[in-house]
file work-v2.cif (mmCIF, C-alpha atoms)
data_query
#
loop_
_atom_site.group_PDB
_atom_site.id
_atom_site.type_symbol
_atom_site.label_atom_id
_atom_site.label_comp_id
_atom_site.auth_asym_id
_atom_site.auth_seq_id
_atom_site.Cartn_x
_atom_site.Cartn_y
_atom_site.Cartn_z
ATOM 1 C CA GLU U 15 7.963 -13.834 -12.779
ATOM 2 C CA THR U 16 10.209 -11.908 -10.377
ATOM 3 C CA GLY U 17 8.432 -9.858 -7.746
ATOM 4 C CA VAL U 18 9.310 -6.429 -6.398
ATOM 5 C CA THR U 19 12.593 -6.388 -4.522
ATOM 6 C CA GLN U 20 14.007 -3.708 -2.253
ATOM 7 C CA SER U 21 17.398 -3.059 -0.722
ATOM 8 C CA PRO U 22 18.653 -2.802 1.869
ATOM 9 C CA THR U 23 16.321 -4.603 4.261
ATOM 10 C CA HIS U 24 17.302 -2.543 7.259
ATOM 11 C CA LEU U 25 19.242 0.678 7.649
ATOM 12 C CA ILE U 26 20.308 2.834 10.571
ATOM 13 C CA LYS U 27 21.281 6.449 9.946
ATOM 14 C CA THR U 28 22.017 9.494 12.021
ATOM 15 C CA ARG U 29 19.953 12.678 11.947
ATOM 16 C CA GLY U 30 21.179 15.007 9.197
ATOM 17 C CA GLN U 31 22.586 12.244 7.023
ATOM 18 C CA GLN U 32 21.384 11.246 3.576
ATOM 19 C CA VAL U 33 20.040 7.848 2.508
ATOM 20 C CA THR U 34 19.310 6.054 -0.759
ATOM 21 C CA LEU U 35 16.846 3.191 -0.971
ATOM 22 C CA ARG U 36 16.535 0.976 -4.012
ATOM 23 C CA CYS U 37 13.711 -0.888 -5.693
ATOM 24 C CA SER U 38 13.501 -3.290 -8.615
ATOM 25 C CA SER U 39 10.067 -3.444 -10.146
ATOM 26 C CA GLN U 40 8.220 -6.592 -11.045
ATOM 27 C CA SER U 41 8.902 -7.922 -14.511
ATOM 28 C CA GLY U 42 6.747 -6.161 -17.085
ATOM 29 C CA HIS U 43 5.901 -3.229 -14.828
ATOM 30 C CA ASN U 44 6.817 0.311 -15.895
ATOM 31 C CA THR U 45 5.541 2.364 -12.959
ATOM 32 C CA VAL U 46 7.011 2.609 -9.463
ATOM 33 C CA SER U 47 5.459 4.246 -6.410
ATOM 34 C CA TRP U 48 7.055 4.878 -3.030
ATOM 35 C CA TYR U 49 5.277 4.889 0.294
ATOM 36 C CA GLN U 50 6.245 5.673 3.865
ATOM 37 C CA GLN U 51 4.661 3.502 6.542
ATOM 38 C CA ALA U 52 5.122 4.705 10.091
ATOM 39 C CA LEU U 53 4.701 2.192 12.872
ATOM 40 C CA GLY U 54 1.034 1.293 13.340
ATOM 41 C CA GLN U 55 -0.087 3.387 10.383
ATOM 42 C CA GLY U 56 -1.098 2.815 6.809
ATOM 43 C CA PRO U 57 1.271 3.589 3.948
ATOM 44 C CA GLN U 58 1.464 7.253 2.897
ATOM 45 C CA PHE U 59 2.118 8.034 -0.750
ATOM 46 C CA ILE U 60 5.438 9.805 -1.378
ATOM 47 C CA PHE U 61 5.630 9.902 -5.181
ATOM 48 C CA GLN U 62 5.352 7.858 -8.334
ATOM 49 C CA TYR U 63 7.589 7.471 -11.354
ATOM 50 C CA TYR U 64 6.410 6.540 -14.813
ATOM 51 C CA ARG U 65 8.766 6.356 -17.788
ATOM 52 C CA GLU U 66 11.528 7.981 -15.740
ATOM 53 C CA GLU U 67 9.452 11.056 -14.876
ATOM 54 C CA GLU U 68 7.783 11.967 -11.600
ATOM 55 C CA ASN U 69 4.071 11.305 -12.099
ATOM 56 C CA GLY U 70 2.437 12.502 -8.911
ATOM 57 C CA ARG U 71 3.618 13.444 -5.448
ATOM 58 C CA GLY U 72 2.138 13.262 -1.989
ATOM 59 C CA ASN U 73 2.574 15.690 0.871
ATOM 60 C CA PHE U 74 6.312 15.198 1.397
ATOM 61 C CA PRO U 75 9.010 17.910 1.403
ATOM 62 C CA PRO U 76 11.540 18.308 -1.430
ATOM 63 C CA ARG U 77 14.252 16.560 0.577
ATOM 64 C CA PHE U 78 12.457 13.381 -0.516
ATOM 65 C CA SER U 79 13.472 12.818 -4.131
ATOM 66 C CA GLY U 80 13.621 9.931 -6.521
ATOM 67 C CA LEU U 81 14.782 8.514 -9.788
ATOM 68 C CA GLN U 82 13.596 5.882 -12.194
ATOM 69 C CA PHE U 83 16.000 4.167 -14.554
ATOM 70 C CA PRO U 84 15.457 2.846 -18.098
ATOM 71 C CA ASN U 85 14.989 -0.678 -16.706
ATOM 72 C CA TYR U 86 12.183 0.761 -14.494
ATOM 73 C CA SER U 87 14.076 0.242 -11.248
ATOM 74 C CA SER U 88 13.951 3.183 -8.886
ATOM 75 C CA GLU U 89 15.693 4.982 -6.052
ATOM 76 C CA LEU U 90 14.315 6.998 -3.178
ATOM 77 C CA ASN U 91 16.674 9.583 -1.726
ATOM 78 C CA VAL U 92 16.107 11.373 1.528
ATOM 79 C CA ASN U 93 18.370 14.265 2.535
ATOM 80 C CA ALA U 94 18.827 15.868 5.944
ATOM 81 C CA LEU U 95 17.263 12.946 7.771
ATOM 82 C CA GLU U 96 14.998 13.693 10.709
ATOM 83 C CA LEU U 97 13.956 11.406 13.536
ATOM 84 C CA ASP U 98 10.401 11.322 12.140
ATOM 85 C CA ASP U 99 11.720 9.776 8.932
ATOM 86 C CA SER U 100 12.079 6.500 10.816
ATOM 87 C CA ALA U 101 9.625 4.175 9.085
ATOM 88 C CA LEU U 102 9.159 1.274 6.720
ATOM 89 C CA TYR U 103 9.604 2.470 3.132
ATOM 90 C CA LEU U 104 7.617 0.493 0.615
ATOM 91 C CA CYS U 105 8.048 0.368 -3.105
ATOM 92 C CA ALA U 106 5.189 -0.749 -5.337
ATOM 93 C CA SER U 107 5.220 -1.410 -9.052
ATOM 94 C CA SER U 108 2.387 -1.554 -11.516
ATOM 95 C CA ARG U 109 1.781 -1.974 -15.190
ATOM 96 C CA ASP U 110 0.214 0.684 -17.332
ATOM 97 C CA SER U 111 -2.780 -1.215 -18.585
ATOM 98 C CA GLY U 112 -4.337 1.847 -20.166
ATOM 99 C CA GLN U 113 -7.476 1.378 -18.087
ATOM 100 C CA GLY U 114 -6.790 4.059 -15.499
ATOM 101 C CA ILE U 115 -6.503 2.090 -12.292
ATOM 102 C CA TYR U 116 -3.563 -0.216 -11.908
ATOM 103 C CA GLU U 117 -2.980 -2.877 -9.299
ATOM 104 C CA GLN U 118 0.117 -2.186 -7.280
ATOM 105 C CA TYR U 119 2.454 -4.954 -6.169
ATOM 106 C CA PHE U 120 4.523 -4.205 -3.112
ATOM 107 C CA GLY U 121 8.042 -5.121 -2.120
ATOM 108 C CA PRO U 122 8.943 -6.221 1.407
ATOM 109 C CA GLY U 123 10.129 -2.755 2.388
ATOM 110 C CA THR U 124 13.217 -1.140 3.842
ATOM 111 C CA ARG U 125 13.149 -0.435 7.566
ATOM 112 C CA LEU U 126 14.901 2.913 8.160
ATOM 113 C CA THR U 127 15.826 3.958 11.671
ATOM 114 C CA VAL U 128 17.114 7.484 12.269
ATOM 115 C CA THR U 129 18.911 8.102 15.552
ATOM 116 C CA GLY Y 2 -9.417 15.003 -0.587
ATOM 117 C CA ASP Y 3 -9.657 11.269 -1.002
ATOM 118 C CA SER Y 4 -9.448 9.216 2.172
ATOM 119 C CA VAL Y 5 -10.249 5.861 3.724
ATOM 120 C CA THR Y 6 -11.542 5.209 7.227
ATOM 121 C CA GLN Y 7 -11.139 1.766 8.694
ATOM 122 C CA MET Y 8 -12.563 0.115 11.730
ATOM 123 C CA GLU Y 9 -10.075 0.342 14.540
ATOM 124 C CA GLY Y 10 -8.540 -2.773 15.977
ATOM 125 C CA PRO Y 11 -7.118 -4.870 17.185
ATOM 126 C CA VAL Y 12 -9.622 -7.606 16.477
ATOM 127 C CA THR Y 13 -9.320 -10.991 18.187
ATOM 128 C CA LEU Y 14 -11.456 -13.915 17.029
ATOM 129 C CA SER Y 15 -11.621 -17.610 17.661
ATOM 130 C CA GLU Y 16 -10.942 -19.938 14.773
ATOM 131 C CA GLU Y 17 -14.010 -20.457 12.530
ATOM 132 C CA ALA Y 18 -15.637 -17.214 13.692
ATOM 133 C CA PHE Y 19 -17.173 -14.737 11.249
ATOM 134 C CA LEU Y 20 -15.078 -11.698 10.365
ATOM 135 C CA THR Y 21 -16.162 -8.210 9.376
ATOM 136 C CA ILE Y 22 -13.770 -5.298 9.045
ATOM 137 C CA ASN Y 23 -15.505 -2.050 8.192
ATOM 138 C CA CYS Y 24 -14.159 0.378 5.615
ATOM 139 C CA THR Y 25 -15.702 3.603 4.368
ATOM 140 C CA TYR Y 26 -14.252 6.036 1.912
ATOM 141 C CA THR Y 27 -14.416 9.612 0.708
ATOM 142 C CA ALA Y 28 -13.520 10.237 -2.899
ATOM 143 C CA THR Y 29 -14.349 12.279 -5.932
ATOM 144 C CA GLY Y 30 -15.357 10.385 -9.008
ATOM 145 C CA TYR Y 31 -15.475 6.612 -9.108
ATOM 146 C CA PRO Y 32 -12.465 5.105 -7.376
ATOM 147 C CA SER Y 33 -11.357 1.504 -7.419
ATOM 148 C CA LEU Y 34 -11.299 -0.126 -3.993
ATOM 149 C CA PHE Y 35 -8.855 -2.644 -2.613
ATOM 150 C CA TRP Y 36 -8.063 -4.727 0.407
ATOM 151 C CA TYR Y 37 -4.425 -5.466 1.123
ATOM 152 C CA VAL Y 38 -3.026 -7.788 3.771
ATOM 153 C CA GLN Y 39 0.305 -7.444 5.559
ATOM 154 C CA TYR Y 40 1.806 -10.392 7.372
ATOM 155 C CA PRO Y 41 4.427 -9.722 10.070
ATOM 156 C CA GLY Y 42 7.707 -8.518 8.621
ATOM 157 C CA GLU Y 43 6.403 -8.456 5.062
ATOM 158 C CA GLY Y 44 5.152 -5.966 2.512
ATOM 159 C CA LEU Y 45 1.545 -5.597 1.444
ATOM 160 C CA GLN Y 46 -0.194 -8.224 -0.656
ATOM 161 C CA LEU Y 47 -3.291 -7.553 -2.715
ATOM 162 C CA LEU Y 48 -6.179 -9.555 -1.268
ATOM 163 C CA LEU Y 49 -9.070 -8.437 -3.462
ATOM 164 C CA LYS Y 50 -10.383 -5.496 -5.432
ATOM 165 C CA ALA Y 51 -13.520 -3.993 -6.964
ATOM 166 C CA THR Y 52 -13.496 -1.409 -9.708
ATOM 167 C CA LYS Y 53 -17.111 -0.231 -9.894
ATOM 168 C CA ALA Y 54 -20.265 0.041 -7.847
ATOM 169 C CA ASP Y 55 -21.889 -3.270 -6.822
ATOM 170 C CA ASP Y 56 -18.810 -5.248 -7.809
ATOM 171 C CA LYS Y 57 -17.874 -7.981 -5.373
ATOM 172 C CA GLY Y 58 -14.207 -8.807 -4.937
ATOM 173 C CA SER Y 59 -13.315 -12.202 -3.530
ATOM 174 C CA ASN Y 60 -10.226 -14.245 -2.774
ATOM 175 C CA LYS Y 61 -9.258 -16.989 -0.320
ATOM 176 C CA GLY Y 62 -12.720 -16.945 1.264
ATOM 177 C CA PHE Y 63 -12.666 -13.160 1.790
ATOM 178 C CA GLU Y 64 -15.284 -10.969 0.136
ATOM 179 C CA ALA Y 65 -16.046 -7.271 -0.105
ATOM 180 C CA THR Y 66 -18.783 -5.468 -2.046
ATOM 181 C CA TYR Y 67 -18.364 -1.947 -3.442
ATOM 182 C CA ARG Y 68 -21.352 -0.010 -2.072
ATOM 183 C CA LYS Y 69 -21.486 3.442 -3.602
ATOM 184 C CA GLU Y 70 -24.666 4.456 -1.785
ATOM 185 C CA THR Y 71 -22.996 3.939 1.594
ATOM 186 C CA THR Y 72 -19.419 4.608 0.357
ATOM 187 C CA SER Y 73 -18.338 1.367 1.955
ATOM 188 C CA PHE Y 74 -16.214 -1.679 1.152
ATOM 189 C CA HIS Y 75 -16.447 -3.925 4.192
ATOM 190 C CA LEU Y 76 -14.287 -7.047 4.311
ATOM 191 C CA GLU Y 77 -15.934 -10.314 5.361
ATOM 192 C CA LYS Y 78 -14.971 -13.936 5.820
ATOM 193 C CA GLY Y 79 -17.299 -16.644 6.989
ATOM 194 C CA SER Y 80 -14.810 -18.766 8.912
ATOM 195 C CA VAL Y 81 -11.387 -17.402 9.866
ATOM 196 C CA GLN Y 82 -8.275 -19.488 10.376
ATOM 197 C CA VAL Y 83 -5.194 -18.921 12.480
ATOM 198 C CA SER Y 84 -3.277 -18.281 9.254
ATOM 199 C CA ASP Y 85 -5.499 -15.232 8.596
ATOM 200 C CA SER Y 86 -3.818 -13.374 11.455
ATOM 201 C CA ALA Y 87 -2.368 -10.237 9.864
ATOM 202 C CA VAL Y 88 -2.994 -6.525 9.385
ATOM 203 C CA TYR Y 89 -5.633 -5.645 6.798
ATOM 204 C CA PHE Y 90 -5.624 -2.363 4.886
ATOM 205 C CA CYS Y 91 -8.457 -0.878 2.901
ATOM 206 C CA ALA Y 92 -7.346 1.365 0.042
ATOM 207 C CA LEU Y 93 -8.714 3.365 -2.828
ATOM 208 C CA SER Y 94 -7.292 4.630 -6.054
ATOM 209 C CA ASN Y 95 -8.843 7.295 -8.188
ATOM 210 C CA THR Y 96 -7.067 8.735 -11.163
ATOM 211 C CA GLY Y 97 -3.292 8.931 -11.316
ATOM 212 C CA ASN Y 98 -2.409 5.662 -9.637
ATOM 213 C CA GLN Y 99 -2.066 7.166 -6.169
ATOM 214 C CA PHE Y 100 -3.377 4.849 -3.499
ATOM 215 C CA TYR Y 101 -4.902 6.096 -0.261
ATOM 216 C CA PHE Y 102 -4.712 3.619 2.593
ATOM 217 C CA GLY Y 103 -6.584 3.294 5.844
ATOM 218 C CA THR Y 104 -4.674 2.940 9.089
ATOM 219 C CA GLY Y 105 -5.013 -0.844 9.093
ATOM 220 C CA THR Y 106 -6.858 -3.333 11.273
ATOM 221 C CA SER Y 107 -4.890 -5.967 13.128
ATOM 222 C CA LEU Y 108 -6.550 -9.376 13.249
ATOM 223 C CA THR Y 109 -5.502 -12.167 15.586
ATOM 224 C CA VAL Y 110 -7.187 -15.548 15.290
ATOM 225 C CA ILE Y 111 -6.781 -17.875 18.234
ATOM 226 C CA PRO Y 112 -7.178 -21.652 17.999
#

call {"tool": "encode", "arguments": {"input": "work-v2.cif", "output": "structure tokens"}}
result
Amino acid sequence: ETGVTQSPTHLIKTRGQQVTLRCSSQSGHNTVSWYQQALGQGPQFIFQYYREEENGRGNFPPRFSGLQFPNYSSELNVNALELDDSALYLCASSRDSGQGIYEQYFGPGTRLTVT
Amino acid sequence: GDSVTQMEGPVTLSEEAFLTINCTYTATGYPSLFWYVQYPGEGLQLLLKATKADDKGSNKGFEATYRKETTSFHLEKGSVQVSDSAVYFCALSNTGNQFYFGTGTSLTVIP
């Protein structure tokens, strides 16, 4: 069983630029969630995708957007990068078990640095 | 809104010492509760979970009991090892799959 993978591992961008991060979900999982983890903090929920539709969003501005593809992989796009966007971005996948609360399995993250 | 409050670290223990990391939560309804562990340079790994009141989650010698009356889910281990050194996150999930995480507690175990 293949786990959650993310690319790239590290990324350096300049303020104002745009970035795309990618995530492949674990085999058999149809839901992907994205989190932002600032240094020394816990992960903060950005949004979730289920069956290619956004299925919940945290307190992040519209310049954070995403996509989910038919194979359940996902992208996180961030426009107009700001210095405070520097963080570890985590992707987590889960399987719709129909029981309401689904375990999330995390990828290793993408470390984004904005200069 | 839903939230998790974790005991602040860092925590430093000698090998074979007893570990407790406190976690309390605020939530509507009946959330599921989780402990995740993050090793240096890695993503989060699920350590244990409990889905209803009085449930005890356990894994790799770690335990936590879902206490609804005190809204707590404290993590315990009877005898820590150097390999347990990591950051531990308490989390909850209510409806909708969104997870709320605490700020994390860094544990260092010294030989």

call {"tool": "residues_around", "arguments": {"input": "work-v2.cif", "residues": "Y:Ala92", "least_positions_apart": "2", "cutoff": "8 Å", "atoms": "only C-alpha atoms", "output": "PyMOL selection string"}}
result
chain Y and resi 5+34-37+90+94+100-103

call {"tool": "residues_near_point", "arguments": {"input": "work-v2.cif", "point": "(-10.8, -18.6, 16.3)", "cutoff": "6 Å", "atoms": "only C-alpha atoms", "output": "mmCIF file with C-alpha atoms, in the coordinates of the input"}}
result
data_model
loop_
_atom_site.group_PDB
_atom_site.id
_atom_site.type_symbol
_atom_site.label_atom_id
_atom_site.label_comp_id
_atom_site.auth_asym_id
_atom_site.auth_seq_id
_atom_site.Cartn_x
_atom_site.Cartn_y
_atom_site.Cartn_z
ATOM 1 C CA LEU Y 14 -11.456 -13.915 17.029
ATOM 2 C CA SER Y 15 -11.621 -17.610 17.661
ATOM 3 C CA GLU Y 16 -10.942 -19.938 14.773
ATOM 4 C CA GLU Y 17 -14.010 -20.457 12.530
ATOM 5 C CA ALA Y 18 -15.637 -17.214 13.692
ATOM 6 C CA VAL Y 110 -7.187 -15.548 15.290
ATOM 7 C CA ILE Y 111 -6.781 -17.875 18.234
ATOM 8 C CA PRO Y 112 -7.178 -21.652 17.999
#

call {"tool": "resolve_selection", "arguments": {"input": "work-v2.cif", "expression": "the PyMOL selection byres ((chain Y) within 7 of (chain U))", "output": "NGL selection string"}}
result
:Y and (33 or 43-46 or 94 or 96 or 98-100 or 102-105)

call {"tool": "resolve_selection", "arguments": {"input": "work-v2.cif", "expression": "the PyMOL selection byres ((chain U and resi 129) around 9)", "output": "number ranges by chain"}}
result
U: 26-29, 96-97, 100, 127-128

call {"tool": "atom_distance", "arguments": {"input": "work-v2.cif", "atom1": "atom CA of Y:Ser4", "atom2": "atom CA of U:Pro75"}}
result
20.4 Å

call {"tool": "residues_near_point", "arguments": {"input": "work-v2.cif", "point": "(-24.6, -1.6, -8.7)", "cutoff": "8 Å", "atoms": "only C-alpha atoms", "output": "number ranges by chain"}}
result
Y: 53-56, 68-69

call {"tool": "atom_distance", "arguments": {"input": "work-v2.cif", "atom1": "atom CA of Y:Val38", "atom2": "atom CA of Y:Cys91"}}
result
8.8 Å

call {"tool": "resolve_selection", "arguments": {"input": "work-v2.cif", "expression": "the PyMOL selection byres ((chain U and resi 81) around 9)", "output": "ChimeraX atom specification"}}
result
/U:63,66-68,79-80,82-83,87-91

call {"tool": "closest_residue", "arguments": {"input": "work-v2.cif", "among": "Y:Thr106, Y:Thr25, Y:Asn95, Y:Gln39", "to": "Y:Thr66", "atoms": "only C-alpha atoms"}}
result
Y:Thr25

call {"tool": "atom_distance", "arguments": {"input": "work-v2.cif", "atom1": "atom CA of Y:Leu20", "atom2": "atom CA of Y:Gly79"}}
result
6.4 Å

call {"tool": "axis_aligned_box", "arguments": {"input": "work-v2.cif", "around": "stretch 70-81 of chain Y", "padding_each_side": "5 Å", "output": "lines of an AutoDock Vina configuration file"}}
result
center_x = -18.0
center_y = -7.1
center_z = 4.0
size_x = 23.3
size_y = 33.4
size_z = 21.7

call {"tool": "closest_residue", "arguments": {"input": "work-v2.cif", "among": "U:Cys37, U:Gln50, U:Asn93, U:Asp98", "to": "U:Thr23", "atoms": "only C-alpha atoms"}}
result
U:Cys37
